[in-house]
Amino acid sequence: MFFQLFWTYLKIGTFTLGGGYAMLPLIQREVVDRKGWIDEEEFLNMIALAQAAPGLIAVNSAIFIGWRIGGWRGVAGAVLGAVLPSFLIILAIAMVFRDWKELPAVEAVFKGVRPAVVALIAAPLFKLAKSAMKSREHRAQNTARSALFLLVSLAAALLIWLGHVNPVWVILATVLLTLCFIFLSSYRSSK
């Protein structure tokens, strides 16, 4: 299992630009759709855990799936496969970048990759949101919650991006809002 996980994450790490969030659709396609190691609901839970834990989402997901599939050997294979391509690519770029960074072609490549990275990050987020809404038991009630959560997420992103608000304050505010929402929901249901 070490080599299967290593090879799977090596392919994902090698052909993904834009970091961990851009890896999510490839991870889902490999571990859920092709290999069937986990189902879609477990994948959504894995993403929630990977985001909540400190560290890189790609490494955290590799740890989760590696452990789930192959124990410690699976963790070692998945993490090594996820990290090795980035390490080698960054090492190679660092060795030659200082000599080439002023070239117009190099600047153009980096500017051209930016929109693709945004799309790679946005696409899985929409797909995962859609999947999360489908997998819920109480669809009508959760549609309203999902709409509220989507609005809060959008507001948080705009505050950070356009308002230049420190992300720590936005995170604390969303935690407080979520706790208030949970408290009010449980208060209403108890009446």
# chains A, B, ... in the order shown; residues from 1 in each chain; ligands from 1

$ closest_atom_pairs --of "segment 52-78 of chain A" --to "segment 13-16 of chain A" --cutoff "12 Å" --atoms "only C-alpha atoms" --output "Markdown table"
| residue | atom | partner | partner_atom | distance |
| --- | --- | --- | --- | --- |
| A:Ala58 | CA | A:Gly13 | CA | 8.6 |
| A:Val59 | CA | A:Gly13 | CA | 10.2 |
| A:Ala62 | CA | A:Gly13 | CA | 10.7 |
| A:Ala78 | CA | A:Gly13 | CA | 10.3 |

$ residues_around --residues "Ala82 of chain A" --least-positions-apart "3" --cutoff "10 Å" --atoms "only C-alpha atoms" --output "PDB file with C-alpha atoms, in the first residue's frame"
ATOM      1  CA  LEU A   5      -0.295   5.812  -1.978  1.00  0.00           C
ATOM      2  CA  PHE A   6       3.133   7.205  -2.833  1.00  0.00           C
ATOM      3  CA  TRP A   7       2.483   6.927  -6.574  1.00  0.00           C
ATOM      4  CA  THR A   8      -1.031   8.392  -6.314  1.00  0.00           C
ATOM      5  CA  TYR A   9       0.098  11.432  -4.328  1.00  0.00           C
ATOM      6  CA  LEU A  10       3.255  11.820  -6.419  1.00  0.00           C
ATOM      7  CA  LYS A  11       1.095  12.183  -9.546  1.00  0.00           C
ATOM      8  CA  ILE A  12      -1.204  14.637  -7.788  1.00  0.00           C
ATOM      9  CA  GLY A  13       1.686  16.687  -6.414  1.00  0.00           C
ATOM     10  CA  THR A  14       3.542  16.730  -9.719  1.00  0.00           C
ATOM     11  CA  GLY A  20      -3.350  22.269  -1.607  1.00  0.00           C
ATOM     12  CA  MET A  23      -5.098  19.548  -5.413  1.00  0.00           C
ATOM     13  CA  ALA A  58      -2.450  18.543   0.924  1.00  0.00           C
ATOM     14  CA  VAL A  59      -0.225  17.037   3.619  1.00  0.00           C
ATOM     15  CA  ASN A  60      -3.112  16.802   6.093  1.00  0.00           C
ATOM     16  CA  SER A  61      -5.254  15.007   3.521  1.00  0.00           C
ATOM     17  CA  ALA A  62      -2.353  12.698   2.700  1.00  0.00           C
ATOM     18  CA  ILE A  63      -2.043  11.870   6.402  1.00  0.00           C
ATOM     19  CA  ALA A  76       4.621   7.760   5.002  1.00  0.00           C
ATOM     20  CA  GLY A  77       3.901   6.913   1.359  1.00  0.00           C
ATOM     21  CA  ALA A  78       1.153   9.490   0.870  1.00  0.00           C
ATOM     22  CA  VAL A  79       3.028  12.328   2.599  1.00  0.00           C
ATOM     23  CA  PRO A  85       7.386  17.009  -6.195  1.00  0.00           C
ATOM     24  CA  SER A  86       6.987  20.456  -4.632  1.00  0.00           C
ATOM     25  CA  PHE A  87      10.294  20.150  -2.815  1.00  0.00           C
TER      26      PHE A  87
END

$ closest_residue --among "A:Ser153, A:Tyr187, A:Gly74, A:Lys101" --to "Phe3 of chain A" --atoms "only C-alpha atoms"
A:Gly74

$ atom_distance --atom1 "atom CA of Thr174 of chain A" --atom2 "atom CA of Ala50 of chain A"
18.5 Å

$ closest_residue --among "A:Leu179, A:Ala108, A:Ile171, A:Leu184" --to "Ala52 of chain A" --atoms "only C-alpha atoms"
A:Ile171

$ select_by_dssp --residues "chain A" --states "alpha helix (DSSP H)" --output "VMD selection string"
chain A and resid 2 to 14 20 to 27 40 to 52 57 to 100 104 to 134 139 to 161 167 to 190

$ write_last_selection --atoms "C-alpha atoms" --output "compact mmCIF listing (two decimals), in the first residue's frame"
# COMPACT_ATOMS: atom_id res chain seq x y z
CA PHE A 2 2.99 2.33 0.59
CA PHE A 3 3.83 2.41 -3.11
CA GLN A 4 0.21 2.82 -4.28
CA LEU A 5 -0.29 5.81 -1.98
CA PHE A 6 3.13 7.20 -2.83
CA TRP A 7 2.48 6.93 -6.57
CA THR A 8 -1.03 8.39 -6.31
CA TYR A 9 0.10 11.43 -4.33
CA LEU A 10 3.25 11.82 -6.42
CA LYS A 11 1.09 12.18 -9.55
CA ILE A 12 -1.20 14.64 -7.79
CA GLY A 13 1.69 16.69 -6.41
CA THR A 14 3.54 16.73 -9.72
CA GLY A 20 -3.35 22.27 -1.61
CA TYR A 21 -6.76 23.63 -2.55
CA ALA A 22 -5.96 23.18 -6.22
CA MET A 23 -5.10 19.55 -5.41
CA LEU A 24 -8.55 18.77 -4.01
CA PRO A 25 -10.24 17.87 -7.30
CA LEU A 26 -7.35 15.58 -8.24
CA ILE A 27 -7.33 13.96 -4.80
CA GLU A 40 -17.65 11.23 -1.00
CA GLU A 41 -18.95 11.88 2.51
CA GLU A 42 -15.65 10.71 4.03
CA PHE A 43 -13.86 12.96 1.56
CA LEU A 44 -15.87 15.98 2.74
CA ASN A 45 -15.11 15.09 6.35
CA MET A 46 -11.45 14.67 5.48
CA ILE A 47 -11.37 18.16 3.96
CA ALA A 48 -12.98 19.61 7.08
CA LEU A 49 -10.38 17.89 9.27
CA ALA A 50 -7.52 18.84 6.96
CA GLN A 51 -8.57 22.49 7.07
CA ALA A 52 -9.04 22.49 10.84
CA ILE A 57 -4.17 20.85 3.42
CA ALA A 58 -2.45 18.54 0.92
CA VAL A 59 -0.22 17.04 3.62
CA ASN A 60 -3.11 16.80 6.09
CA SER A 61 -5.25 15.01 3.52
CA ALA A 62 -2.35 12.70 2.70
CA ILE A 63 -2.04 11.87 6.40
CA PHE A 64 -5.78 11.17 6.71
CA ILE A 65 -6.04 9.01 3.61
CA GLY A 66 -2.70 7.33 4.22
CA TRP A 67 -3.74 6.36 7.74
CA ARG A 68 -7.19 5.26 6.61
CA ILE A 69 -5.81 3.04 3.86
CA GLY A 70 -2.43 1.82 5.08
CA GLY A 71 -1.68 2.88 8.65
CA TRP A 72 1.74 4.37 9.33
CA ARG A 73 3.22 2.99 6.11
CA GLY A 74 0.33 4.56 4.20
CA VAL A 75 0.92 7.91 5.91
CA ALA A 76 4.62 7.76 5.00
CA GLY A 77 3.90 6.91 1.36
CA ALA A 78 1.15 9.49 0.87
CA VAL A 79 3.03 12.33 2.60
CA LEU A 80 6.28 11.59 0.79
CA GLY A 81 4.44 11.48 -2.53
CA ALA A 82 2.61 14.75 -1.80
CA VAL A 83 5.69 16.67 -0.65
CA LEU A 84 8.46 15.37 -2.90
CA PRO A 85 7.39 17.01 -6.20
CA SER A 86 6.99 20.46 -4.63
CA PHE A 87 10.29 20.15 -2.81
CA LEU A 88 12.18 19.15 -5.96
CA ILE A 89 10.48 21.78 -8.14
CA ILE A 90 11.12 24.57 -5.62
CA LEU A 91 14.71 23.44 -5.25
CA ALA A 92 15.23 23.52 -9.02
CA ILE A 93 13.51 26.89 -9.37
CA ALA A 94 15.57 28.37 -6.53
CA MET A 95 18.77 27.23 -8.21
CA VAL A 96 18.00 28.98 -11.51
CA PHE A 97 15.38 31.61 -10.66
CA ARG A 98 17.75 34.31 -9.46
CA ASP A 99 19.41 34.32 -12.87
CA TRP A 100 16.14 34.27 -14.85
CA PRO A 104 9.95 39.03 -19.53
CA ALA A 105 8.96 35.48 -20.49
CA VAL A 106 9.34 34.25 -16.91
CA GLU A 107 7.27 37.17 -15.58
CA ALA A 108 4.60 36.48 -18.22
CA VAL A 109 4.39 32.81 -17.26
CA PHE A 110 3.82 33.65 -13.59
CA LYS A 111 1.19 36.25 -14.47
CA GLY A 112 -0.52 33.84 -16.87
CA VAL A 113 -0.75 31.03 -14.31
CA ARG A 114 -2.62 33.16 -11.72
CA PRO A 115 -6.13 32.93 -13.29
CA ALA A 116 -5.76 29.19 -13.78
CA VAL A 117 -4.85 28.75 -10.12
CA VAL A 118 -7.92 30.74 -9.03
CA ALA A 119 -10.12 28.51 -11.21
CA LEU A 120 -8.45 25.36 -9.84
CA ILE A 121 -9.25 26.52 -6.30
CA ALA A 122 -12.81 27.74 -7.01
CA ALA A 123 -14.04 24.71 -8.97
CA PRO A 124 -13.66 22.10 -6.20
CA LEU A 125 -15.13 24.47 -3.63
CA PHE A 126 -18.34 24.78 -5.63
CA LYS A 127 -18.45 21.04 -6.28
CA LEU A 128 -17.90 20.22 -2.62
CA ALA A 129 -20.54 22.72 -1.51
CA LYS A 130 -23.01 21.15 -3.91
CA SER A 131 -22.15 17.65 -2.65
CA ALA A 132 -22.46 18.72 0.98
CA MET A 133 -25.92 20.15 0.34
CA LYS A 134 -27.08 16.92 -1.35
CA ARG A 139 -32.87 19.41 2.72
CA ALA A 140 -35.24 22.39 3.12
CA GLN A 141 -33.81 23.41 6.49
CA ASN A 142 -30.24 22.93 5.31
CA THR A 143 -30.83 24.93 2.14
CA ALA A 144 -31.47 28.01 4.28
CA ARG A 145 -28.42 27.22 6.41
CA SER A 146 -26.29 26.62 3.34
CA ALA A 147 -27.38 29.94 1.87
CA LEU A 148 -26.51 31.70 5.13
CA PHE A 149 -23.14 29.96 5.32
CA LEU A 150 -22.45 30.85 1.69
CA LEU A 151 -23.24 34.51 2.40
CA VAL A 152 -20.99 34.52 5.47
CA SER A 153 -18.20 32.87 3.49
CA LEU A 154 -18.55 35.39 0.69
CA ALA A 155 -18.61 38.29 3.16
CA ALA A 156 -15.51 36.93 4.90
CA ALA A 157 -13.65 36.58 1.61
CA LEU A 158 -14.60 40.12 0.56
CA LEU A 159 -13.57 41.56 3.94
CA ILE A 160 -10.16 39.94 3.65
CA TRP A 161 -9.66 40.65 -0.04
CA PRO A 167 -7.97 37.09 8.57
CA VAL A 168 -7.62 36.34 12.29
CA TRP A 169 -10.40 38.83 13.08
CA VAL A 170 -12.58 37.41 10.33
CA ILE A 171 -12.07 33.87 11.64
CA LEU A 172 -12.90 34.93 15.20
CA ALA A 173 -16.01 36.78 13.99
CA THR A 174 -17.23 33.76 12.00
CA VAL A 175 -16.64 31.47 14.98
CA LEU A 176 -18.73 33.81 17.16
CA LEU A 177 -21.45 34.03 14.50
CA THR A 178 -21.53 30.25 14.17
CA LEU A 179 -21.80 29.79 17.94
CA CYS A 180 -24.65 32.32 18.06
CA PHE A 181 -26.38 30.55 15.19
CA ILE A 182 -26.07 27.17 16.91
CA PHE A 183 -27.29 28.61 20.21
CA LEU A 184 -30.29 30.29 18.59
CA SER A 185 -31.14 27.16 16.60
CA SER A 186 -31.04 24.95 19.68
CA TYR A 187 -33.03 27.54 21.66
CA ARG A 188 -35.77 27.61 19.01
CA SER A 189 -35.95 23.83 18.77
CA SER A 190 -36.26 23.48 22.54
